[in-house]
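Source file: protein.cif (mmCIF, C-alpha atoms)
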data_run
#
loop_
_atom_site.group_PDB
_atom_site.id
_atom_site.type_symbol
_atom_site.label_atom_id
_atom_site.label_comp_id
_atom_site.auth_asym_id
_atom_site.auth_seq_id
_atom_site.Cartn_x
_atom_site.Cartn_y
_atom_site.Cartn_z
ATOM 1 C CA MET A 104 -50.712 149.024 39.391
ATOM 2 C CA ARG A 105 -50.751 148.054 43.053
ATOM 3 C CA ILE A 106 -47.525 149.080 44.769
ATOM 4 C CA VAL A 107 -46.528 148.291 48.349
ATOM 5 C CA ILE A 108 -43.931 150.544 50.000
ATOM 6 C CA ALA A 109 -41.918 149.568 53.068
ATOM 7 C CA GLY A 110 -41.156 152.545 55.287
ATOM 8 C CA GLY A 111 -44.389 154.153 54.182
ATOM 9 C CA HIS A 112 -44.095 157.161 56.515
ATOM 10 C CA GLY A 113 -40.612 158.144 55.407
ATOM 11 C CA GLN A 114 -39.980 161.485 53.743
ATOM 12 C CA ILE A 115 -39.331 159.963 50.322
ATOM 13 C CA ALA A 116 -42.106 157.381 50.694
ATOM 14 C CA LEU A 117 -44.808 159.967 51.455
ATOM 15 C CA ARG A 118 -43.787 161.939 48.367
ATOM 16 C CA LEU A 119 -43.833 158.759 46.279
ATOM 17 C CA GLU A 120 -47.255 157.778 47.598
ATOM 18 C CA ARG A 121 -48.676 161.143 46.525
ATOM 19 C CA LEU A 122 -47.221 160.774 43.032
ATOM 20 C CA LEU A 123 -48.445 157.206 42.560
ATOM 21 C CA ALA A 124 -51.920 157.923 43.939
ATOM 22 C CA ALA A 125 -52.222 161.022 41.732
ATOM 23 C CA ARG A 126 -51.563 158.964 38.615
ATOM 24 C CA GLY A 127 -54.173 156.398 39.609
ATOM 25 C CA ASP A 128 -52.091 153.612 41.124
ATOM 26 C CA GLU A 129 -53.254 151.716 44.202
ATOM 27 C CA VAL A 130 -50.674 152.305 46.929
ATOM 28 C CA ALA A 131 -50.134 150.691 50.320
ATOM 29 C CA GLY A 132 -47.516 151.859 52.805
ATOM 30 C CA ILE A 133 -46.146 149.658 55.569
ATOM 31 C CA ILE A 134 -45.752 151.620 58.811
ATOM 32 C CA ARG A 135 -44.654 150.734 62.327
ATOM 33 C CA LYS A 136 -46.927 153.092 64.263
ATOM 34 C CA ALA A 137 -50.719 153.278 63.934
ATOM 35 C CA GLU A 138 -50.623 157.030 64.638
ATOM 36 C CA GLN A 139 -48.879 157.517 61.269
ATOM 37 C CA ALA A 140 -51.883 156.162 59.360
ATOM 38 C CA ASP A 141 -53.644 159.486 58.767
ATOM 39 C CA ASP A 142 -50.563 160.928 57.052
ATOM 40 C CA LEU A 143 -50.615 158.031 54.588
ATOM 41 C CA ARG A 144 -54.329 158.393 53.941
ATOM 42 C CA GLU A 145 -53.770 162.080 53.269
ATOM 43 C CA ALA A 146 -51.116 161.098 50.708
ATOM 44 C CA GLY A 147 -53.586 158.735 49.017
ATOM 45 C CA ALA A 148 -52.113 155.507 50.374
ATOM 46 C CA GLU A 149 -53.581 152.635 52.356
ATOM 47 C CA PRO A 150 -51.768 152.316 55.713
ATOM 48 C CA VAL A 151 -50.593 148.823 56.693
ATOM 49 C CA VAL A 152 -49.383 148.595 60.296
ATOM 50 C CA LEU A 153 -46.583 146.037 60.520
ATOM 51 C CA ASP A 154 -43.207 146.142 62.274
ATOM 52 C CA LEU A 155 -40.568 144.875 59.843
ATOM 53 C CA GLU A 156 -38.138 144.389 62.732
ATOM 54 C CA SER A 157 -40.324 141.684 64.292
ATOM 55 C CA ALA A 158 -42.587 140.409 61.468
ATOM 56 C CA SER A 159 -42.108 137.020 59.821
ATOM 57 C CA VAL A 160 -41.583 136.477 56.103
ATOM 58 C CA ASP A 161 -45.078 134.967 55.899
ATOM 59 C CA GLU A 162 -46.667 138.014 57.562
ATOM 60 C CA VAL A 163 -44.973 140.395 55.142
ATOM 61 C CA ALA A 164 -45.725 138.167 52.146
ATOM 62 C CA ASP A 165 -49.426 138.248 53.087
ATOM 63 C CA ARG A 166 -49.352 142.071 52.745
ATOM 64 C CA LEU A 167 -47.540 141.842 49.409
ATOM 65 C CA ARG A 168 -49.777 139.315 47.664
ATOM 66 C CA GLY A 169 -51.503 140.790 44.645
ATOM 67 C CA ALA A 170 -49.029 143.663 44.293
ATOM 68 C CA ASP A 171 -47.404 144.498 40.973
ATOM 69 C CA ALA A 172 -44.336 146.050 42.580
ATOM 70 C CA ALA A 173 -42.639 146.481 45.950
ATOM 71 C CA VAL A 174 -40.470 149.419 47.023
ATOM 72 C CA PHE A 175 -38.154 149.271 50.029
ATOM 73 C CA ALA A 176 -37.829 152.832 51.314
ATOM 74 C CA ALA A 177 -37.466 152.101 55.030
ATOM 75 C CA GLY A 178 -34.542 153.296 57.104
ATOM 76 C CA ALA A 179 -33.514 153.435 60.723
ATOM 77 C CA GLY A 180 -33.029 157.192 60.416
ATOM 78 C CA PRO A 181 -30.177 159.530 61.353
ATOM 79 C CA GLY A 182 -30.920 159.448 65.075
ATOM 80 C CA SER A 183 -30.697 155.668 65.388
ATOM 81 C CA GLY A 184 -27.825 153.648 66.810
ATOM 82 C CA VAL A 185 -25.657 150.917 65.368
ATOM 83 C CA ALA A 186 -28.063 148.075 66.207
ATOM 84 C CA ARG A 187 -30.927 149.450 64.114
ATOM 85 C CA LYS A 188 -28.696 149.870 61.071
ATOM 86 C CA ASP A 189 -28.552 146.081 61.112
ATOM 87 C CA THR A 190 -32.191 145.405 62.012
ATOM 88 C CA VAL A 191 -33.743 147.964 59.633
ATOM 89 C CA ASP A 192 -31.321 148.993 56.897
ATOM 90 C CA LYS A 193 -30.119 145.430 56.358
ATOM 91 C CA ALA A 194 -32.396 142.833 57.962
ATOM 92 C CA ALA A 195 -35.723 144.511 57.114
ATOM 93 C CA ALA A 196 -34.613 144.942 53.490
ATOM 94 C CA VAL A 197 -33.670 141.249 53.314
ATOM 95 C CA LEU A 198 -36.995 140.284 54.910
ATOM 96 C CA PHE A 199 -38.969 142.456 52.478
ATOM 97 C CA ALA A 200 -37.123 140.969 49.498
ATOM 98 C CA ASP A 201 -37.701 137.396 50.712
ATOM 99 C CA ALA A 202 -41.380 138.212 51.262
ATOM 100 C CA ALA A 203 -41.672 139.630 47.738
ATOM 101 C CA VAL A 204 -40.265 136.376 46.351
ATOM 102 C CA LYS A 205 -42.689 134.336 48.460
ATOM 103 C CA ALA A 206 -45.634 136.500 47.358
ATOM 104 C CA GLY A 207 -44.640 136.298 43.694
ATOM 105 C CA VAL A 208 -43.983 140.036 43.335
ATOM 106 C CA ARG A 209 -41.176 140.272 40.782
ATOM 107 C CA ARG A 210 -40.714 144.039 40.435
ATOM 108 C CA PHE A 211 -38.636 145.243 43.367
ATOM 109 C CA VAL A 212 -37.018 148.651 43.837
ATOM 110 C CA ILE A 213 -34.756 149.356 46.798
ATOM 111 C CA VAL A 214 -33.692 152.806 47.960
ATOM 112 C CA SER A 215 -30.053 152.455 48.923
ATOM 113 C CA SER A 216 -27.361 155.060 49.513
ATOM 114 C CA MET A 217 -24.455 156.363 47.510
ATOM 115 C CA GLY A 218 -21.328 154.697 48.856
ATOM 116 C CA ALA A 219 -23.165 151.590 50.109
ATOM 117 C CA ASP A 220 -20.660 148.732 50.170
ATOM 118 C CA PRO A 221 -20.591 145.505 52.217
ATOM 119 C CA ARG A 222 -16.808 145.901 52.441
ATOM 120 C CA HIS A 223 -16.918 149.516 53.632
ATOM 121 C CA GLN A 224 -14.408 150.081 56.428
ATOM 122 C CA GLY A 225 -14.867 152.004 59.672
ATOM 123 C CA ASP A 226 -16.700 151.878 62.980
ATOM 124 C CA GLU A 227 -18.613 155.166 63.004
ATOM 125 C CA ILE A 228 -22.403 154.950 62.761
ATOM 126 C CA PHE A 229 -22.385 156.146 59.141
ATOM 127 C CA ASP A 230 -19.790 153.484 58.277
ATOM 128 C CA VAL A 231 -22.046 150.816 59.780
ATOM 129 C CA TYR A 232 -24.975 152.272 57.814
ATOM 130 C CA LEU A 233 -23.119 152.114 54.484
ATOM 131 C CA ARG A 234 -22.053 148.550 55.215
ATOM 132 C CA ALA A 235 -25.616 147.519 56.138
ATOM 133 C CA LYS A 236 -27.058 149.097 52.984
ATOM 134 C CA GLY A 237 -24.341 147.440 50.918
ATOM 135 C CA GLU A 238 -25.089 144.033 52.432
ATOM 136 C CA ALA A 239 -28.806 144.482 51.732
ATOM 137 C CA ASP A 240 -28.071 145.455 48.123
ATOM 138 C CA ALA A 241 -25.806 142.441 47.660
ATOM 139 C CA TYR A 242 -28.508 140.130 49.011
ATOM 140 C CA VAL A 243 -31.159 141.531 46.673
ATOM 141 C CA ARG A 244 -28.812 141.173 43.686
ATOM 142 C CA GLY A 245 -28.585 137.462 44.422
ATOM 143 C CA LEU A 246 -32.335 136.831 44.128
ATOM 144 C CA ASP A 247 -33.130 135.508 40.655
ATOM 145 C CA ASP A 248 -36.871 135.648 41.367
ATOM 146 C CA LEU A 249 -36.837 139.458 41.590
ATOM 147 C CA ASP A 250 -36.620 142.016 38.795
ATOM 148 C CA TRP A 251 -34.713 144.376 41.059
ATOM 149 C CA THR A 252 -33.424 147.897 40.613
ATOM 150 C CA ILE A 253 -31.202 149.529 43.243
ATOM 151 C CA LEU A 254 -31.344 153.325 43.480
ATOM 152 C CA ARG A 255 -28.533 155.144 45.285
ATOM 153 C CA PRO A 256 -29.332 158.840 45.761
ATOM 154 C CA GLY A 257 -26.698 161.401 46.660
ATOM 155 C CA GLN A 258 -27.052 163.906 49.496
ATOM 156 C CA LEU A 259 -30.778 164.270 50.191
ATOM 157 C CA THR A 260 -32.222 167.772 50.507
ATOM 158 C CA ASP A 261 -35.651 169.249 51.166
ATOM 159 C CA ASP A 262 -35.287 171.752 48.320
ATOM 160 C CA ALA A 263 -38.162 171.846 45.849
ATOM 161 C CA GLY A 264 -37.699 169.305 43.093
ATOM 162 C CA THR A 265 -36.619 170.550 39.690
ATOM 163 C CA GLY A 266 -37.499 167.405 37.737
ATOM 164 C CA LEU A 267 -33.972 167.493 36.296
ATOM 165 C CA VAL A 268 -31.599 164.710 37.309
ATOM 166 C CA ARG A 269 -28.505 162.728 36.484
ATOM 167 C CA LEU A 270 -29.153 158.973 36.699
ATOM 168 C CA GLU A 271 -26.268 156.679 35.816
ATOM 169 C CA ALA A 272 -24.281 153.704 37.077
ATOM 170 C CA ARG A 273 -21.751 156.236 38.409
ATOM 171 C CA THR A 274 -22.574 159.908 38.828
ATOM 172 C CA GLY A 275 -20.110 161.070 41.451
ATOM 173 C CA ARG A 276 -21.342 162.746 44.605
ATOM 174 C CA GLY A 277 -23.879 165.552 44.647
ATOM 175 C CA PRO A 278 -27.175 166.692 46.166
ATOM 176 C CA ILE A 279 -30.653 165.598 45.119
ATOM 177 C CA PRO A 280 -34.035 166.868 46.417
ATOM 178 C CA ARG A 281 -36.264 164.197 47.937
ATOM 179 C CA ASP A 282 -38.990 165.366 45.526
ATOM 180 C CA ASP A 283 -36.823 164.269 42.593
ATOM 181 C CA VAL A 284 -35.898 160.950 44.229
ATOM 182 C CA ALA A 285 -39.613 160.181 44.565
ATOM 183 C CA ALA A 286 -40.238 161.160 40.940
ATOM 184 C CA VAL A 287 -37.470 158.828 39.767
ATOM 185 C CA LEU A 288 -38.825 155.986 41.912
ATOM 186 C CA ALA A 289 -42.286 156.445 40.398
ATOM 187 C CA GLU A 290 -40.767 156.047 36.924
ATOM 188 C CA LEU A 291 -38.558 153.102 37.919
ATOM 189 C CA VAL A 292 -41.475 151.142 39.376
ATOM 190 C CA ASP A 293 -43.089 151.389 35.951
ATOM 191 C CA THR A 294 -39.934 150.600 33.950
ATOM 192 C CA SER A 295 -39.017 146.942 34.296
ATOM 193 C CA ALA A 296 -36.339 147.423 31.632
ATOM 194 C CA THR A 297 -34.181 148.868 34.430
ATOM 195 C CA ALA A 298 -34.161 145.473 36.192
ATOM 196 C CA GLY A 299 -30.681 144.349 37.159
ATOM 197 C CA LEU A 300 -29.304 147.888 37.367
ATOM 198 C CA THR A 301 -27.704 149.692 40.296
ATOM 199 C CA LEU A 302 -28.083 153.418 39.666
ATOM 200 C CA GLU A 303 -26.731 156.551 41.304
ATOM 201 C CA LEU A 304 -28.869 159.696 41.328
ATOM 202 C CA ILE A 305 -27.999 163.370 41.744
ATOM 203 C CA SER A 306 -29.415 166.599 40.378
ATOM 204 C CA GLY A 307 -28.611 167.154 36.718
ATOM 205 C CA SER A 308 -29.984 168.363 33.419
ATOM 206 C CA ALA A 309 -32.161 165.502 32.132
ATOM 207 C CA PRO A 310 -35.912 165.382 32.769
ATOM 208 C CA VAL A 311 -36.775 162.419 35.005
ATOM 209 C CA SER A 312 -38.613 160.430 32.308
ATOM 210 C CA VAL A 313 -35.773 160.974 29.820
ATOM 211 C CA ALA A 314 -33.150 159.913 32.385
ATOM 212 C CA VAL A 315 -35.010 156.702 33.217
ATOM 213 C CA LYS A 316 -35.626 155.847 29.555
ATOM 214 C CA SER A 317 -31.939 156.436 28.867
ATOM 215 C CA VAL A 318 -30.705 153.947 31.467
ATOM 216 C CA ALA A 319 -33.419 151.508 30.377
ATOM 217 C CA GLY A 320 -31.980 151.561 26.877
ATOM 218 C CA ASN A 321 -34.959 153.334 25.271
#

Hey, can you dump this file as structure tokens for me?
Amino acid sequence: MRIVIAGGHGQIALRLERLLAARGDEVAGIIRKAEQADDLREAGAEPVVLDLESASVDEVADRLRGADAAVFAAGAGPGSGVARKDTVDKAAAVLFADAAVKAGVRRFVIVSSMGADPRHQGDEIFDVYLRAKGEADAYVRGLDDLDWTILRPGQLTDDAGTGLVRLEARTGRGPIPRDDVAAVLAELVDTSATAGLTLELISGSAPVSVAVKSVAGN
């Protein structure tokens, strides 16, 4: 498969790129800064320098053509202000989804956040973030030309992955290592039977492949 990842230098994305490259997939990661390119090459991915906050749908679609799947793993990051929650967490996700439609890439996986909700109340930065992620998710759900899956991890940690997770429509809150989020994403990209599902993810007792097959109905 050829898989294009938005936010290619993110902590989850770099882990995912290593997993996909190791299994023989062709991986491209969209990055904003050229100086990040070597990190992607080291992970086995092709760096694509493109700023999703200023690119057009056509420019992004050009980078997506020929891909079998697209993964949106970009984020403004914890140090960013309110404005970038809208321009990255919402607008860039919408742009990437529209570009996938234009490029004819049906399989689309978006990394969201537990608690994401377009109707979320509050004015703190994290409230704005959850609202932006929720609005992006709602937009993607409305695109009939995408076989989308929305993944909402719990509290992200840098602990070593265990390969054991709980993946369901509702899990309740809990931690999850970024290693295990990447492992689940690698399985989801390959499992189109999870299209149309919004899934929460925390650490649990099921091996990743078993958890994904379970929600896919296999």

Proximity of region 198-308 of chain A to region 117-135 of chain A: per-residue shortest pair, 8 Å limit, all atoms listed in the file, as JSON lines:
{"residue": "A:Arg281", "atom": "CA", "partner": "A:Arg118", "partner_atom": "CA", "distance": 7.9}
{"residue": "A:Asp282", "atom": "CA", "partner": "A:Arg118", "partner_atom": "CA", "distance": 6.5}
{"residue": "A:Ala285", "atom": "CA", "partner": "A:Leu119", "partner_atom": "CA", "distance": 4.8}
{"residue": "A:Ala286", "atom": "CA", "partner": "A:Leu119", "partner_atom": "CA", "distance": 6.9}
{"residue": "A:Leu288", "atom": "CA", "partner": "A:Leu119", "partner_atom": "CA", "distance": 7.2}
{"residue": "A:Ala289", "atom": "CA", "partner": "A:Leu119", "partner_atom": "CA", "distance": 6.5}

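When only C-alpha atoms are used to measure the gap to Val313 (chain A), the shortest distance among A:Val197, A:Leu270, A:Ala172, A:Leu167 belongs to A:Leu270.
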
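With all atoms listed in the file as the basis for measurement, A:Ile213 is the residue among A:Ile213, A:Ala186, A:Ala319, A:Leu155 that approaches Pro256 (chain A) most closely.
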
Is there a way to get, as a PDB file with C-alpha atoms, keeping the file's coordinate frame, all residues within 12 Å of the point (-23.7, 147.4, 48.8) in file coordinates, counting all atoms listed in the file?
ATOM      1  CA  ASP A 192     -31.321 148.993  56.897  1.00  0.00           C
ATOM      2  CA  LYS A 193     -30.119 145.430  56.358  1.00  0.00           C
ATOM      3  CA  ILE A 213     -34.756 149.356  46.798  1.00  0.00           C
ATOM      4  CA  VAL A 214     -33.692 152.806  47.960  1.00  0.00           C
ATOM      5  CA  SER A 215     -30.053 152.455  48.923  1.00  0.00           C
ATOM      6  CA  SER A 216     -27.361 155.060  49.513  1.00  0.00           C
ATOM      7  CA  MET A 217     -24.455 156.363  47.510  1.00  0.00           C
ATOM      8  CA  GLY A 218     -21.328 154.697  48.856  1.00  0.00           C
ATOM      9  CA  ALA A 219     -23.165 151.590  50.109  1.00  0.00           C
ATOM     10  CA  ASP A 220     -20.660 148.732  50.170  1.00  0.00           C
ATOM     11  CA  PRO A 221     -20.591 145.505  52.217  1.00  0.00           C
ATOM     12  CA  ARG A 222     -16.808 145.901  52.441  1.00  0.00           C
ATOM     13  CA  HIS A 223     -16.918 149.516  53.632  1.00  0.00           C
ATOM     14  CA  ASP A 230     -19.790 153.484  58.277  1.00  0.00           C
ATOM     15  CA  VAL A 231     -22.046 150.816  59.780  1.00  0.00           C
ATOM     16  CA  TYR A 232     -24.975 152.272  57.814  1.00  0.00           C
ATOM     17  CA  LEU A 233     -23.119 152.114  54.484  1.00  0.00           C
ATOM     18  CA  ARG A 234     -22.053 148.550  55.215  1.00  0.00           C
ATOM     19  CA  ALA A 235     -25.616 147.519  56.138  1.00  0.00           C
ATOM     20  CA  LYS A 236     -27.058 149.097  52.984  1.00  0.00           C
ATOM     21  CA  GLY A 237     -24.341 147.440  50.918  1.00  0.00           C
ATOM     22  CA  GLU A 238     -25.089 144.033  52.432  1.00  0.00           C
ATOM     23  CA  ALA A 239     -28.806 144.482  51.732  1.00  0.00           C
ATOM     24  CA  ASP A 240     -28.071 145.455  48.123  1.00  0.00           C
ATOM     25  CA  ALA A 241     -25.806 142.441  47.660  1.00  0.00           C
ATOM     26  CA  TYR A 242     -28.508 140.130  49.011  1.00  0.00           C
ATOM     27  CA  VAL A 243     -31.159 141.531  46.673  1.00  0.00           C
ATOM     28  CA  ARG A 244     -28.812 141.173  43.686  1.00  0.00           C
ATOM     29  CA  GLY A 245     -28.585 137.462  44.422  1.00  0.00           C
ATOM     30  CA  ILE A 253     -31.202 149.529  43.243  1.00  0.00           C
ATOM     31  CA  LEU A 254     -31.344 153.325  43.480  1.00  0.00           C
ATOM     32  CA  ARG A 255     -28.533 155.144  45.285  1.00  0.00           C
ATOM     33  CA  THR A 301     -27.704 149.692  40.296  1.00  0.00           C
ATOM     34  CA  LEU A 302     -28.083 153.418  39.666  1.00  0.00           C
TER      35      LEU A 302
END

Margin query: Going by the chain IDs and residue numbers used in this file, which residues fall under the PyMOL selection byres ((chain A and resi 199) around 12)? Write them as a PyMOL selection string.
Written below: chain A and resi 107-110+133+153-167+172-177+191-198+200-206+208+211-213+239+242-243+249

Note to self: Could you tell me how far CA of Val268 (chain A) sits from CA of Asp283 (chain A), in Å to one decimal place?
What the structure shows: 7.4 Å

Item checked: Who sits within 10 Å of Pro278 (chain A), all atoms listed in the file, same chain under 6 positions skipped, as a count of residues only -> 10

Checklist line | Proximity to Val287 (chain A) - best of A:Met104, A:Ala148, A:Leu143, A:Ile115, all atoms listed in the file | finding: A:Ile115

Next item on the list: Can you work out the spacing between CA of Pro310 (chain A) and CA of Leu267 (chain A) in Å, to one decimal?
Entry: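 Those two atoms sit 4.5 Å apart.
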
Next item on the list: Tell me, in Å to one decimal, how far CA of Leu291 (chain A) is from CA of Val315 (chain A).
Entry: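 CA of Leu291 (chain A) sits 6.9 Å away from CA of Val315 (chain A).
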
Check: Using only C-alpha atoms, which residue out of A:Gly275, A:Gly178, A:Gly266, A:Gly299 lies closest to Ala314 (chain A)?
Finding: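 So, comparing all the options, the nearest one is A:Gly266.
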
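Using only C-alpha atoms, the shortest contact distance between Asp141 (chain A) and any of A:Gly225, A:Thr265, A:Glu290, A:Gly111 is found at A:Gly111.
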
Check: From the list A:Gln224, A:Ser312, A:Arg168, A:Ala116, which residue is nearest Arg269 (chain A) when using all atoms listed in the file?
Finding: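 Closest to Arg269 (chain A), using all atoms listed in the file: A:Ser312.
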